[in-house]
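Notes to accompany the following structure.
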Amino acid sequence: MAGILAGNDVEQEYLWACTLTGSDKEYCWAPEDPTPEAKEVKEDKDEENDGNVKPGHRLLIKSAILMPSAKKDEVTIVQIESEGYNKKTVIVPICAMKGGSDYQQYVDLLVPTKAKLKLLQGEGPIHLIGSHCVDFSGFRDVEAGDSEDEDEATDNDDEMEVAEEVKEKGDKKTPTKETKDDENKTTPAKEDSGSKNGMASAEQTKSVEKKKKESPAKAK
């Protein structure tokens, strides 16, 4: 389940639970301390991710369940040890339940840092249930930056497509100029034929005039 927090934070919630018994009386919550193998993978991912995205962890303990198998009239007490304001260590009980009469108790405790839960008294078994909250600071800023980069890329692609279309249209118009040049080249040929016809008609006219001049002499 994801939720939008104040500012640019986005929070993701995960189901969390732990069990305390007489044989296992302590539980340490330290989500920022992974195994060496997981730490190497995390470092590689951090190098790929943007530096503005910084995950934070919080634990919300909602309720405690004391199982019916707990000893009757035995009081079970759960204690938490964590860091408070100004790095001061806080050690305090968070719930006390009596076997045979108390089966569920509402806790609603938010733990913002690493903590250790301990079965201070009793044998249990007792279950603690809540949510592991992970928030990402600056997530919206990074997302907005990515969307802007995508918009710029699409704009550049559109501009390139328009330029290619204009170039293609220009290439298609070029042959028309060549055809006009060809027409201009063929025009002198027509003029030459016209001039030849004119010269032929002039020669015919001269021959006719010569015949007219010669005809009177024959009549005498």
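We label chains A, B, ... in the order they appear in the structure tokens, count residues from 1 in each chain, and number ligands from 1 in the order shown.
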Residues near stretch 15-22 of chain A, cut-off 12 Å, only C-alpha atoms, skip fewer than 2 positions along chain, as a ChimeraX atom specification: /A:1,12-13,24-29,31,58-67,69-71,76-79,116-134
Write the residues of the preceding selection, restricted to N, CA and C atoms, as a compact mmCIF listing (two decimals), in the first residue's frame.
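part-v3.txt written:
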```
# COMPACT_ATOMS: atom_id res chain seq x y z
N MET A 1 0.85 -1.20 0.00
CA MET A 1 0.00 0.00 0.00
C MET A 1 0.88 1.25 0.00
N GLN A 12 5.55 3.60 1.26
CA GLN A 12 5.08 2.25 0.97
C GLN A 12 5.02 1.47 2.28
N GLU A 13 3.91 0.73 2.50
CA GLU A 13 3.73 -0.03 3.73
C GLU A 13 3.78 -1.52 3.45
N ASP A 24 12.97 -17.69 22.79
CA ASP A 24 13.43 -16.61 21.89
C ASP A 24 12.82 -15.30 22.40
N LYS A 25 13.51 -14.68 23.36
CA LYS A 25 12.93 -13.54 24.08
C LYS A 25 13.28 -12.17 23.49
N GLU A 26 14.13 -12.14 22.48
CA GLU A 26 14.55 -10.84 21.93
C GLU A 26 14.36 -10.81 20.41
N TYR A 27 14.05 -9.60 19.92
CA TYR A 27 13.91 -9.37 18.48
C TYR A 27 14.49 -8.00 18.16
N CYS A 28 15.42 -7.95 17.21
CA CYS A 28 16.04 -6.68 16.81
C CYS A 28 15.47 -6.23 15.46
N TRP A 29 15.02 -4.99 15.44
CA TRP A 29 14.51 -4.40 14.19
C TRP A 29 15.53 -3.39 13.69
N PRO A 31 16.30 -2.52 9.81
CA PRO A 31 16.17 -2.76 8.37
C PRO A 31 17.30 -2.19 7.54
N ARG A 58 10.36 3.11 9.03
CA ARG A 58 9.66 3.31 10.30
C ARG A 58 8.85 2.05 10.61
N LEU A 59 8.73 1.74 11.90
CA LEU A 59 7.96 0.57 12.32
C LEU A 59 6.76 1.03 13.13
N LEU A 60 5.58 0.59 12.72
CA LEU A 60 4.35 0.91 13.43
C LEU A 60 3.79 -0.38 14.03
N ILE A 61 3.93 -0.51 15.35
CA ILE A 61 3.41 -1.69 16.06
C ILE A 61 1.95 -1.42 16.41
N LYS A 62 1.05 -2.18 15.81
CA LYS A 62 -0.38 -1.91 15.97
C LYS A 62 -0.99 -2.64 17.17
N SER A 63 -0.73 -3.93 17.30
CA SER A 63 -1.37 -4.69 18.38
C SER A 63 -0.52 -5.88 18.81
N ALA A 64 -0.87 -6.44 19.96
CA ALA A 64 -0.19 -7.61 20.53
C ALA A 64 -1.22 -8.70 20.76
N ILE A 65 -0.85 -9.94 20.43
CA ILE A 65 -1.73 -11.11 20.60
C ILE A 65 -1.04 -12.10 21.54
N LEU A 66 -1.66 -12.40 22.69
CA LEU A 66 -1.15 -13.41 23.62
C LEU A 66 -1.90 -14.71 23.38
N MET A 67 -1.18 -15.73 23.01
CA MET A 67 -1.80 -16.99 22.63
C MET A 67 -2.46 -17.69 23.83
N SER A 69 -2.22 -20.59 24.72
CA SER A 69 -1.30 -21.56 25.33
C SER A 69 -0.46 -20.95 26.44
N ALA A 70 -0.51 -19.62 26.60
CA ALA A 70 0.25 -18.98 27.69
C ALA A 70 -0.27 -19.45 29.05
N LYS A 71 0.61 -19.49 30.02
CA LYS A 71 0.23 -19.95 31.36
C LYS A 71 -0.85 -19.05 31.95
N THR A 76 2.59 -11.38 31.07
CA THR A 76 3.62 -11.27 30.02
C THR A 76 3.84 -9.78 29.72
N ILE A 77 5.10 -9.36 29.83
CA ILE A 77 5.45 -7.94 29.61
C ILE A 77 6.49 -7.86 28.47
N VAL A 78 6.20 -6.97 27.52
CA VAL A 78 7.13 -6.73 26.41
C VAL A 78 7.75 -5.35 26.58
N GLN A 79 9.07 -5.31 26.40
CA GLN A 79 9.83 -4.07 26.57
C GLN A 79 10.51 -3.69 25.26
N LYS A 116 15.04 -2.71 19.78
CA LYS A 116 15.13 -4.09 20.25
C LYS A 116 13.93 -4.37 21.14
N LEU A 117 13.17 -5.39 20.79
CA LEU A 117 12.00 -5.82 21.56
C LEU A 117 12.39 -7.02 22.42
N LYS A 118 11.98 -6.99 23.66
CA LYS A 118 12.40 -8.04 24.60
C LYS A 118 11.23 -8.50 25.46
N LEU A 119 11.15 -9.80 25.69
CA LEU A 119 10.15 -10.37 26.60
C LEU A 119 10.69 -10.22 28.02
N LEU A 120 10.25 -9.17 28.68
CA LEU A 120 10.79 -8.83 30.00
C LEU A 120 10.30 -9.79 31.08
N GLN A 121 9.08 -10.26 30.95
CA GLN A 121 8.50 -11.18 31.94
C GLN A 121 7.51 -12.11 31.25
N GLY A 122 7.42 -13.34 31.73
CA GLY A 122 6.52 -14.32 31.15
C GLY A 122 7.21 -15.16 30.09
N GLU A 123 6.48 -16.18 29.63
CA GLU A 123 7.03 -17.11 28.64
C GLU A 123 6.34 -17.00 27.28
N GLY A 124 5.24 -16.26 27.24
CA GLY A 124 4.52 -16.15 25.97
C GLY A 124 3.81 -17.45 25.61
N PRO A 125 3.65 -17.74 24.31
CA PRO A 125 4.10 -16.91 23.18
C PRO A 125 3.18 -15.71 22.94
N ILE A 126 3.82 -14.60 22.49
CA ILE A 126 3.10 -13.37 22.19
C ILE A 126 3.53 -12.87 20.81
N HIS A 127 2.55 -12.44 20.03
CA HIS A 127 2.81 -11.96 18.67
C HIS A 127 2.58 -10.45 18.62
N LEU A 128 3.52 -9.76 17.99
CA LEU A 128 3.38 -8.32 17.74
C LEU A 128 3.14 -8.14 16.24
N ILE A 129 2.14 -7.33 15.91
CA ILE A 129 1.74 -7.14 14.51
C ILE A 129 1.72 -5.65 14.18
N GLY A 130 2.17 -5.31 12.98
CA GLY A 130 2.17 -3.90 12.57
C GLY A 130 2.54 -3.71 11.12
N SER A 131 3.09 -2.54 10.81
CA SER A 131 3.46 -2.17 9.44
C SER A 131 4.89 -1.66 9.39
N HIS A 132 5.62 -2.14 8.39
CA HIS A 132 6.95 -1.61 8.10
C HIS A 132 6.79 -0.57 7.00
N CYS A 133 7.02 0.69 7.35
CA CYS A 133 6.79 1.81 6.42
C CYS A 133 8.11 2.26 5.80
N VAL A 134 8.12 2.38 4.49
CA VAL A 134 9.30 2.85 3.75
C VAL A 134 8.90 4.08 2.96
```
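Nearest to A:Pro55 of all the residues A:Leu109, A:Met160, A:Phe136, A:Tyr14 is A:Phe136, based on only C-alpha atoms.
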Within 7 Å of stretch 80-85 of chain A using only C-alpha atoms, minus same-chain residues under 2 positions, as an NGL selection string: :A and (78 or 87-94 or 113-118)
Shortest interatomic distance to A:Glu74 - which of A:Asn86, A:Met97, A:Pro112, A:Gly56, counting only C-alpha atoms: A:Met97
